[in-house]
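**Q** Sharing structure_28.cif below, mmCIF, C-alpha atoms:
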```cif
data_upload
#
loop_
_atom_site.label_atom_id
_atom_site.label_comp_id
_atom_site.auth_asym_id
_atom_site.auth_seq_id
_atom_site.Cartn_x
_atom_site.Cartn_y
_atom_site.Cartn_z
CA MET O 282 62.62 -14.29 -42.80
CA LEU O 283 62.45 -14.15 -39.02
CA ASN O 284 61.83 -10.40 -39.11
CA GLY O 285 58.96 -10.94 -41.51
CA ILE O 286 57.28 -13.69 -39.51
CA ALA O 287 57.74 -11.68 -36.30
CA LEU O 288 56.00 -8.67 -37.84
CA LEU O 289 53.12 -10.81 -39.14
CA LEU O 290 52.64 -12.53 -35.79
CA PHE O 291 52.90 -9.22 -33.92
CA CYS O 292 50.18 -7.68 -36.12
CA GLN O 293 47.99 -10.74 -35.60
CA LEU O 294 48.54 -10.53 -31.86
CA CYS O 295 47.59 -6.85 -31.80
CA GLY O 296 44.53 -7.69 -33.90
CA GLU O 297 43.44 -10.46 -31.52
CA ALA O 298 43.99 -8.15 -28.53
CA LEU O 299 41.89 -5.34 -30.05
CA VAL O 300 39.11 -7.78 -30.97
CA ARG O 301 39.01 -9.16 -27.40
CA LEU O 302 39.27 -5.72 -25.85
CA PHE O 303 36.42 -4.11 -27.79
CA GLY O 304 34.36 -7.21 -28.54
CA TRP O 305 34.47 -6.60 -32.32
CA PRO O 306 32.67 -9.24 -34.39
CA VAL O 307 35.59 -9.83 -36.80
CA PRO O 308 38.57 -12.20 -36.50
CA GLY O 309 41.88 -10.97 -35.10
CA PRO O 310 43.93 -11.74 -38.25
CA VAL O 311 41.63 -9.49 -40.33
CA ILE O 312 42.31 -6.59 -37.96
CA GLY O 313 45.99 -7.61 -38.07
CA MET O 314 45.92 -7.32 -41.86
CA LEU O 315 44.53 -3.79 -41.66
CA LEU O 316 47.13 -2.87 -39.02
CA LEU O 317 49.96 -4.13 -41.23
CA PHE O 318 48.49 -2.27 -44.19
CA LEU O 319 48.37 0.97 -42.17
CA TRP O 320 51.97 0.37 -41.00
CA LEU O 321 53.13 -0.13 -44.60
CA ARG O 322 51.31 3.04 -45.66
CA TYR O 323 52.89 4.98 -42.81
CA ARG O 324 56.33 3.64 -43.61
CA GLY O 325 55.84 4.06 -47.33
CA ARG O 326 57.59 0.84 -48.31
CA SER O 327 57.76 -2.86 -47.54
CA SER O 328 60.99 -4.67 -46.64
CA HIS O 329 62.71 -7.44 -48.53
CA ASP O 330 62.27 -9.68 -45.53
CA LEU O 331 58.53 -9.07 -45.20
CA ASP O 332 58.04 -9.50 -48.96
CA LEU O 333 59.82 -12.84 -48.82
CA THR O 334 57.79 -14.14 -45.87
CA ALA O 335 54.43 -12.88 -47.16
CA ASP O 336 54.95 -14.23 -50.68
CA GLY O 337 56.12 -17.56 -49.27
CA LEU O 338 53.04 -17.93 -47.05
CA LEU O 339 50.58 -16.76 -49.70
CA LYS O 340 52.02 -19.14 -52.28
CA TYR O 341 50.61 -21.98 -50.19
CA LEU O 342 47.46 -20.22 -48.98
CA ALA O 343 45.22 -22.87 -50.57
CA LEU O 344 46.90 -25.69 -48.62
CA LEU O 345 46.18 -23.93 -45.33
CA PHE O 346 42.42 -24.35 -45.85
CA VAL O 347 42.62 -28.13 -46.12
CA PRO O 348 42.50 -28.91 -42.34
CA ALA O 349 39.38 -26.76 -41.84
CA GLY O 350 37.84 -28.18 -45.01
CA VAL O 351 38.23 -31.76 -43.79
CA GLY O 352 36.12 -30.56 -40.83
CA VAL O 353 32.93 -30.72 -42.93
CA MET O 354 32.96 -34.48 -42.24
CA VAL O 355 31.83 -33.64 -38.70
CA TYR O 356 28.63 -32.06 -40.04
CA PHE O 357 27.57 -34.77 -42.49
CA ASP O 358 25.00 -36.19 -40.07
CA ALA O 359 23.62 -32.79 -39.05
CA LEU O 360 22.88 -31.85 -42.68
CA GLY O 361 20.89 -35.06 -43.03
CA GLY O 362 18.33 -35.31 -45.81
CA THR O 363 18.50 -31.70 -46.93
CA TRP O 364 21.97 -31.93 -48.44
CA LEU O 365 20.75 -31.81 -52.05
CA LYS O 366 18.60 -28.70 -51.53
CA LEU O 367 21.47 -27.10 -49.61
CA GLY O 368 23.95 -27.96 -52.34
CA VAL O 369 21.74 -26.44 -55.03
CA THR O 370 21.15 -23.32 -52.91
CA LEU O 371 24.84 -22.75 -52.18
CA LEU O 372 25.92 -23.41 -55.76
CA ALA O 373 23.29 -21.12 -57.28
CA SER O 374 23.99 -18.40 -54.73
CA ALA O 375 27.74 -18.58 -55.45
CA VAL O 376 27.15 -18.24 -59.21
CA ILE O 377 24.78 -15.28 -58.73
CA THR O 378 27.13 -13.52 -56.30
CA LEU O 379 30.14 -13.98 -58.57
CA VAL O 380 28.37 -12.69 -61.66
CA VAL O 381 26.52 -9.77 -60.05
CA THR O 382 29.62 -8.56 -58.20
CA GLY O 383 31.83 -8.96 -61.28
CA TRP O 384 29.38 -7.16 -63.54
CA THR O 385 28.83 -4.34 -61.04
CA MET O 386 32.53 -3.68 -60.81
CA GLU O 387 33.18 -3.95 -64.56
CA TRP O 388 30.31 -1.52 -65.20
CA LEU O 389 31.54 0.97 -62.59
CA LEU O 390 35.12 0.75 -63.88
CA ARG O 391 33.98 1.45 -67.43
CA ARG O 392 31.80 4.36 -66.29
CA GLN O 393 34.71 5.83 -64.36
CA LYS O 394 36.95 5.56 -67.42
CA THR O 395 34.48 7.35 -69.72
CA GLU O 396 33.91 10.06 -67.11
CA HIS O 397 37.63 10.66 -67.03
CA THR O 398 37.84 10.87 -70.82
CA ASP O 399 34.81 13.18 -70.90
CA GLY O 400 36.56 15.48 -68.47
CA LEU O 401 39.56 15.89 -70.76
CA MET V 124 51.85 -57.42 -35.61
CA VAL V 125 54.78 -55.09 -36.00
CA PHE V 126 52.74 -53.12 -38.49
CA ASP V 127 49.83 -52.93 -36.03
CA SER V 128 51.83 -51.34 -33.27
CA PHE V 129 53.57 -49.14 -35.79
CA TRP V 130 50.19 -47.89 -37.04
CA VAL V 131 48.96 -47.28 -33.50
CA TYR V 132 52.04 -45.14 -32.89
CA LEU V 133 51.76 -43.23 -36.15
CA ALA V 134 48.03 -42.61 -35.98
CA ALA V 135 48.41 -41.10 -32.53
CA SER V 136 51.30 -38.88 -33.55
CA PRO V 137 50.54 -35.39 -34.87
CA LEU V 138 53.40 -35.78 -37.33
CA TRP V 139 51.58 -38.45 -39.33
CA TRP V 140 48.46 -36.43 -40.25
CA LEU V 141 50.46 -33.25 -40.76
CA THR V 142 52.81 -34.96 -43.21
CA LEU V 143 49.98 -36.78 -44.92
CA THR V 144 48.00 -33.54 -45.43
CA ILE V 145 50.95 -31.95 -47.18
CA LEU V 146 51.70 -35.06 -49.28
CA VAL V 147 48.05 -35.41 -50.32
CA TYR V 148 47.97 -31.73 -51.30
CA LEU V 149 51.18 -32.04 -53.34
CA ALA V 150 49.75 -35.08 -55.13
CA ALA V 151 46.46 -33.25 -55.77
CA GLN V 152 48.38 -30.30 -57.16
CA LYS V 153 50.31 -32.59 -59.50
CA LEU V 154 47.06 -34.25 -60.63
CA PHE V 155 45.51 -30.83 -61.29
CA LEU V 156 48.42 -29.70 -63.45
CA LYS V 157 48.69 -33.05 -65.27
CA SER V 158 44.96 -32.93 -66.10
CA GLY V 159 45.44 -29.59 -67.83
CA SER V 160 43.83 -27.70 -64.92
CA ILE V 161 40.36 -29.28 -65.00
CA ALA V 162 38.35 -27.05 -62.61
CA LEU V 163 36.70 -29.99 -60.83
CA LEU V 164 40.14 -31.35 -59.88
CA ASN V 165 40.82 -28.28 -57.74
CA PRO V 166 43.67 -29.32 -55.39
CA VAL V 167 41.93 -28.10 -52.23
CA ALA V 168 38.70 -29.94 -53.07
CA VAL V 169 40.53 -33.13 -54.07
CA SER V 170 42.71 -33.05 -50.92
CA ILE V 171 39.71 -32.60 -48.64
CA VAL V 172 37.77 -35.45 -50.24
CA ALA V 173 40.82 -37.74 -50.23
CA LEU V 174 41.59 -37.02 -46.57
CA ILE V 175 37.97 -37.53 -45.49
CA VAL V 176 37.99 -40.91 -47.26
CA LEU V 177 41.29 -41.83 -45.58
CA LEU V 178 39.94 -40.81 -42.16
CA GLU V 179 36.71 -42.75 -42.65
CA LEU V 180 38.57 -45.85 -43.86
CA SER V 181 41.01 -45.79 -40.95
CA ARG V 182 38.21 -44.87 -38.51
CA THR V 183 40.13 -41.84 -37.36
CA SER V 184 38.20 -39.04 -35.67
CA TYR V 185 38.46 -35.46 -36.92
CA ASP V 186 39.92 -34.46 -33.55
CA ALA V 187 42.74 -36.98 -33.93
CA TYR V 188 43.39 -35.68 -37.45
CA PHE V 189 43.30 -32.06 -36.37
CA ALA V 190 45.88 -32.68 -33.63
CA GLY V 191 48.39 -32.89 -36.48
CA ALA V 192 46.75 -30.68 -39.12
CA GLN V 193 46.37 -27.77 -36.70
CA PHE V 194 49.94 -26.69 -37.42
CA LEU V 195 48.93 -25.86 -40.97
CA HIS V 196 45.64 -24.39 -39.79
CA PHE V 197 47.51 -22.07 -37.43
CA LEU V 198 49.37 -20.51 -40.36
CA LEU V 199 46.06 -19.16 -41.70
CA GLY V 200 46.35 -16.33 -39.16
CA PRO V 201 49.74 -14.93 -40.25
CA ALA V 202 48.83 -15.66 -43.90
CA THR V 203 45.72 -13.49 -43.55
CA VAL V 204 47.84 -10.69 -42.08
CA ALA V 205 50.27 -11.15 -44.97
CA LEU V 206 47.50 -10.22 -47.44
CA ALA V 207 48.33 -6.61 -46.57
CA VAL V 208 51.60 -6.89 -48.53
CA PRO V 209 50.17 -7.58 -52.03
CA LEU V 210 47.46 -5.04 -51.31
CA PHE V 211 50.09 -2.43 -50.46
CA ARG V 212 51.78 -3.16 -53.79
CA GLN V 213 48.46 -2.35 -55.50
CA MET V 214 48.11 0.95 -53.62
CA ALA V 215 48.13 3.14 -56.73
CA ARG V 216 45.45 1.06 -58.42
CA LEU V 217 43.40 0.84 -55.23
CA ARG V 218 43.43 4.63 -54.86
CA ALA V 219 42.25 5.04 -58.45
CA ILE V 220 39.33 2.63 -58.20
CA TRP V 221 38.28 2.75 -54.54
CA PHE V 222 34.75 3.79 -55.47
CA PRO V 223 33.95 0.84 -57.81
CA VAL V 224 35.56 -1.49 -55.25
CA THR V 225 33.47 -0.18 -52.35
CA VAL V 226 30.15 -0.28 -54.22
CA SER V 227 30.81 -3.76 -55.68
CA LEU V 228 31.71 -5.02 -52.21
CA ALA V 229 28.45 -3.80 -50.70
CA VAL V 230 26.48 -5.26 -53.61
CA GLY V 231 28.33 -8.58 -53.32
CA VAL V 232 27.75 -8.88 -49.57
CA LEU V 233 23.99 -8.27 -49.88
CA VAL V 234 23.52 -10.44 -52.99
CA GLY V 235 25.57 -13.23 -51.38
CA ALA V 236 23.37 -13.35 -48.31
CA PHE V 237 19.95 -12.76 -49.83
CA SER V 238 20.31 -14.94 -52.93
CA ALA V 239 21.00 -17.89 -50.62
CA VAL V 240 18.07 -17.08 -48.33
CA ALA V 241 15.68 -16.56 -51.29
CA ILE V 242 16.68 -19.74 -53.14
CA GLY V 243 16.63 -21.79 -49.94
CA TYR V 244 13.18 -20.39 -49.14
CA ALA V 245 11.92 -21.30 -52.60
CA LEU V 246 13.23 -24.85 -52.11
CA GLY V 247 11.37 -25.12 -48.81
CA LEU V 248 14.25 -25.08 -46.31
CA ASP V 249 13.26 -24.24 -42.74
CA ARG V 250 13.82 -20.87 -41.15
CA GLU V 251 16.72 -21.90 -38.93
CA THR V 252 18.58 -23.30 -41.94
CA LEU V 253 17.87 -20.15 -43.98
CA ILE V 254 19.33 -17.96 -41.24
CA SER V 255 22.38 -20.24 -41.03
CA LEU V 256 22.84 -19.82 -44.81
CA ALA V 257 22.93 -16.01 -44.82
CA PRO V 258 26.56 -15.45 -43.70
CA LYS V 259 28.09 -18.27 -45.81
CA SER V 260 30.20 -15.95 -47.95
CA VAL V 261 32.45 -14.70 -45.15
CA THR V 262 35.37 -16.30 -43.38
CA THR V 263 34.40 -19.01 -40.84
CA PRO V 264 34.80 -17.30 -37.43
CA VAL V 265 32.84 -14.22 -38.57
CA ALA V 266 30.16 -16.34 -40.22
CA MET V 267 29.67 -18.45 -37.09
CA GLY V 268 29.39 -15.36 -34.91
CA ILE V 269 26.81 -13.74 -37.20
CA SER V 270 24.84 -16.97 -37.46
CA GLU V 271 24.60 -17.08 -33.69
CA VAL V 272 23.44 -13.45 -33.43
CA LEU V 273 20.77 -14.03 -36.08
CA GLY V 274 19.49 -17.22 -34.44
CA GLY V 275 21.00 -19.77 -36.83
CA ILE V 276 23.09 -22.85 -36.08
CA PRO V 277 26.81 -21.87 -36.11
CA ALA V 278 28.07 -25.42 -36.81
CA MET V 279 25.81 -25.64 -39.86
CA THR V 280 27.05 -22.23 -41.02
CA ALA V 281 30.65 -23.46 -40.73
CA ALA V 282 29.88 -26.31 -43.12
CA PHE V 283 28.18 -23.88 -45.56
CA VAL V 284 31.20 -21.56 -45.45
CA VAL V 285 33.58 -24.39 -46.33
CA PHE V 286 31.32 -25.63 -49.13
CA THR V 287 30.88 -22.11 -50.54
CA GLY V 288 34.62 -21.42 -50.46
CA ILE V 289 35.45 -24.60 -52.32
CA THR V 290 32.61 -24.12 -54.82
CA GLY V 291 33.79 -20.58 -55.52
CA ALA V 292 37.37 -21.76 -55.96
CA VAL V 293 36.34 -24.56 -58.32
CA ILE V 294 33.90 -22.68 -60.58
CA GLY V 295 34.71 -19.00 -59.91
CA LEU V 296 37.29 -18.15 -62.56
CA ARG V 297 35.40 -20.03 -65.26
CA ILE V 298 32.05 -18.41 -64.40
CA LEU V 299 33.58 -14.93 -64.39
CA LYS V 300 35.25 -15.56 -67.72
CA ALA V 301 31.98 -16.79 -69.20
CA ALA V 302 30.22 -13.71 -67.82
CA GLY V 303 32.73 -11.48 -69.56
CA VAL V 304 34.42 -10.17 -66.42
CA THR V 305 37.99 -9.58 -67.55
CA ASP V 306 39.43 -6.85 -65.33
CA GLU V 307 41.84 -8.49 -62.84
CA SER V 308 40.69 -6.37 -59.91
CA ALA V 309 37.01 -7.13 -60.66
CA VAL V 310 37.80 -10.86 -60.80
CA GLY V 311 39.54 -10.54 -57.43
CA VAL V 312 36.74 -8.65 -55.71
CA ALA V 313 34.14 -11.14 -56.99
CA MET V 314 36.22 -14.12 -55.81
CA GLY V 315 36.94 -12.64 -52.38
CA VAL V 316 33.40 -11.50 -51.68
CA THR V 317 31.87 -14.81 -52.84
CA ALA V 318 34.34 -17.39 -51.62
CA HIS V 319 36.42 -15.66 -48.88
CA GLY V 320 39.85 -17.22 -48.18
CA VAL V 321 39.63 -20.22 -50.48
CA GLY V 322 38.49 -17.93 -53.29
CA THR V 323 41.36 -15.57 -52.49
CA ALA V 324 43.87 -18.41 -52.71
CA ARG V 325 42.48 -19.34 -56.13
CA ALA V 326 42.50 -15.70 -57.26
CA PHE V 327 46.23 -15.48 -56.44
CA GLU V 328 46.83 -18.43 -58.73
CA ALA V 329 45.11 -16.54 -61.56
CA HIS V 330 46.85 -13.16 -61.18
CA PRO V 331 48.66 -11.27 -58.39
CA VAL V 332 46.34 -8.27 -58.84
CA SER V 333 43.28 -10.53 -58.54
CA GLY V 334 44.76 -12.01 -55.38
CA ALA V 335 45.45 -8.63 -53.81
CA PHE V 336 41.91 -7.39 -54.44
CA ALA V 337 40.39 -10.70 -53.35
CA GLY V 338 42.22 -10.38 -50.03
CA LEU V 339 40.91 -6.86 -49.58
CA ALA V 340 37.38 -7.91 -50.56
CA MET V 341 37.46 -10.84 -48.14
CA ALA V 342 38.56 -8.67 -45.22
CA LEU V 343 36.09 -5.86 -45.89
CA ALA V 344 33.26 -8.31 -46.59
CA ALA V 345 33.77 -9.68 -43.07
CA PHE V 346 33.25 -6.19 -41.63
CA LEU V 347 30.34 -5.30 -43.89
CA THR V 348 28.50 -8.56 -43.26
CA ALA V 349 28.94 -8.28 -39.50
CA LEU V 350 27.65 -4.69 -39.64
CA LEU V 351 24.88 -5.05 -42.25
CA LEU V 352 23.18 -8.40 -41.73
CA PRO V 353 21.87 -8.10 -38.16
CA PRO V 354 20.10 -4.73 -38.68
CA VAL V 355 18.77 -5.73 -42.12
CA PHE V 356 17.36 -8.97 -40.71
CA GLU V 357 15.82 -7.08 -37.80
CA TRP V 358 14.27 -4.57 -40.19
CA MET V 359 12.78 -7.44 -42.19
CA GLY V 360 11.22 -8.80 -39.01
CA TRP V 361 13.28 -12.00 -39.04
CA LEU V 362 14.75 -11.60 -35.58
#
```
Show this structure as structure tokens.
**A**
Amino acid sequence: MLNGIALLLFCQLCGEALVRLFGWPVPGPVIGMLLLFLWLRYRGRSSHDLDLTADGLLKYLALLFVPAGVGVMVYFDALGGTWLKLGVTLLASAVITLVVTGWTMEWLLRRQKTEHTDGL
Amino acid sequence: MVFDSFWVYLAASPLWWLTLTILVYLAAQKLFLKSGSIALLNPVAVSIVALIVLLELSRTSYDAYFAGAQFLHFLLGPATVALAVPLFRQMARLRAIWFPVTVSLAVGVLVGAFSAVAIGYALGLDRETLISLAPKSVTTPVAMGISEVLGGIPAMTAAFVVFTGITGAVIGLRILKAAGVTDESAVGVAMGVTAHGVGTARAFEAHPVSGAFAGLAMALAAFLTALLLPPVFEWMGWL
């Protein structure tokens, strides 16, 4: 597992370094994810060790958001009297985004499938 | 008296809040499963509410809490990097459907930002708040950065991001099912682009393919939003 965690941390570190170096507006771990993906593509396969570490971490991904989530308590006062309007806005926007994105992709997938069958 | 000094020691020790966060989450998970997976009892949402109540009752500051909880928070970095592994496993599928994925991502990013701005505008929210709402569908550090560039309030944006992530995790799978979205990769992209990391975590619980595509959608949405929103807002004359 140590090999796996070392590789993950190394990719994150490279990601953070690139972000700092070029002033990119995305977080280091996201760049690290793309670096690891490119590495896996180059190598053509994952390792047992990396699989084990990644699956172990991702199994508890939800838990890792709890500390940041508790942080909303800091903003309670700042949101003040508009919390209801904000809640409605965020909820409605989430529903619309989910549905529109889901439908777009389902539609495009179906179109792609029929195009393929037409081509046969 | 003994208890008092014991509490003073514990409350000041990072170990206490770290352990409690994990125990609360385990209990919330058990509650969720026992309830027959009632969406509203989402373990992340329940844990956050329970911990906020505990902190308020014990008059503990968020900083004191975070001194312990930061060890879990730190793992978000390597966990995000680890999303490359399930995505790599889906390589064949990704290659076959890269076009639907790319288009849906762009659509999701724009709809996510502008639906919030439009609804907020209709409800009479002020301009600064509307700008702070726009990047709420991407992961916190990106969202805060974009909010700042656009002239919003980054701290407010951070709260919107958290709320959006939890909302997406709680209602997402049910909404998509009701809307007739059945393809696992489509479910994943919708969850990742709407509710970033928290949505991705939930998508993994539904299906490994959904999780892989949610992770991809979350990462690419961060890029797209950072690239698209500032010029679009400038073009609209909002900056």
**Q** What residues come out when you apply the PyMOL selection byres ((chain O) within 6 of (chain V)) to this file, written as a PDB file with C-alpha atoms, in the frame of the given file?
**A**
```
ATOM      1  CA  LEU O 289      53.120 -10.810 -39.140  1.00  0.00           C
ATOM      2  CA  LEU O 290      52.640 -12.530 -35.790  1.00  0.00           C
ATOM      3  CA  VAL O 307      35.590  -9.830 -36.800  1.00  0.00           C
ATOM      4  CA  PRO O 310      43.930 -11.740 -38.250  1.00  0.00           C
ATOM      5  CA  VAL O 311      41.630  -9.490 -40.330  1.00  0.00           C
ATOM      6  CA  GLY O 313      45.990  -7.610 -38.070  1.00  0.00           C
ATOM      7  CA  MET O 314      45.920  -7.320 -41.860  1.00  0.00           C
ATOM      8  CA  PHE O 318      48.490  -2.270 -44.190  1.00  0.00           C
ATOM      9  CA  ALA O 335      54.430 -12.880 -47.160  1.00  0.00           C
ATOM     10  CA  LEU O 338      53.040 -17.930 -47.050  1.00  0.00           C
ATOM     11  CA  LEU O 342      47.460 -20.220 -48.980  1.00  0.00           C
ATOM     12  CA  ALA O 343      45.220 -22.870 -50.570  1.00  0.00           C
ATOM     13  CA  LEU O 345      46.180 -23.930 -45.330  1.00  0.00           C
ATOM     14  CA  VAL O 347      42.620 -28.130 -46.120  1.00  0.00           C
ATOM     15  CA  PRO O 348      42.500 -28.910 -42.340  1.00  0.00           C
ATOM     16  CA  GLY O 350      37.840 -28.180 -45.010  1.00  0.00           C
ATOM     17  CA  VAL O 351      38.230 -31.760 -43.790  1.00  0.00           C
ATOM     18  CA  VAL O 353      32.930 -30.720 -42.930  1.00  0.00           C
ATOM     19  CA  THR O 370      21.150 -23.320 -52.910  1.00  0.00           C
ATOM     20  CA  SER O 374      23.990 -18.400 -54.730  1.00  0.00           C
ATOM     21  CA  THR O 378      27.130 -13.520 -56.300  1.00  0.00           C
ATOM     22  CA  LEU O 379      30.140 -13.980 -58.570  1.00  0.00           C
ATOM     23  CA  THR O 382      29.620  -8.560 -58.200  1.00  0.00           C
ATOM     24  CA  GLY O 383      31.830  -8.960 -61.280  1.00  0.00           C
ATOM     25  CA  THR O 385      28.830  -4.340 -61.040  1.00  0.00           C
ATOM     26  CA  MET O 386      32.530  -3.680 -60.810  1.00  0.00           C
ATOM     27  CA  LEU O 389      31.540   0.970 -62.590  1.00  0.00           C
TER      28      LEU O 389
END
```
**Q** What does the distance between CA of Ala162 in chain V and CA of Tyr356 in chain O come to in Å, to one decimal place?
**A** 25.1 Å
**Q** What does the distance between CA of Leu299 in chain O and CA of Gly274 in chain V come to in Å, to one decimal place?
**A**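 We find that CA of Leu299 in chain O and CA of Gly274 in chain V lie 25.7 Å from each other.
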**Q** Which residue is closest to Lys340 in chain O? Choose from V:Pro277, V:Pro354, V:Pro331, V:Pro137 and count only C-alpha atoms.
**A**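 Selected residue with least distance to Lys340 in chain O: V:Pro331.
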**Q** Could you tell me which of O:Arg301, O:Thr363, O:His329, O:Val381 comes closest to Asn284 in chain O if we count all atoms listed in the file?
**A**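 Nearest candidate to Asn284 in chain O out of O:Arg301, O:Thr363, O:His329, O:Val381: O:His329.
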**Q** One number please: CA of Ile377 in chain O to CA of Val355 in chain V, in Å, one decimal.
**A**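 So the answer is 20.1 Å.
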**Q** When you look at Phe129 in chain V with a cut-off of 12 Å (counting all atoms listed in the file), what residues show up, excluding the ones that are within fewer than 6 positions of it in the same chain? I need them as a VMD selection string.
**A** chain V and resid 135 to 136 139
**Q** Please provide the set of residues having any atom within 7 Å of Thr334 in chain O, restricted to all atoms listed in the file, with same-chain residues fewer than 5 positions apart removed, written as a ChimeraX atom specification.
**A** /O:282,285-286
**Q** Between V:Leu143, V:Ser270, V:Leu133, V:Ala340, which is the closest to Ala326 in chain V once you count only C-alpha atoms?
**A**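 That would be V:Ala340, the residue with the smallest distance to Ala326 in chain V.
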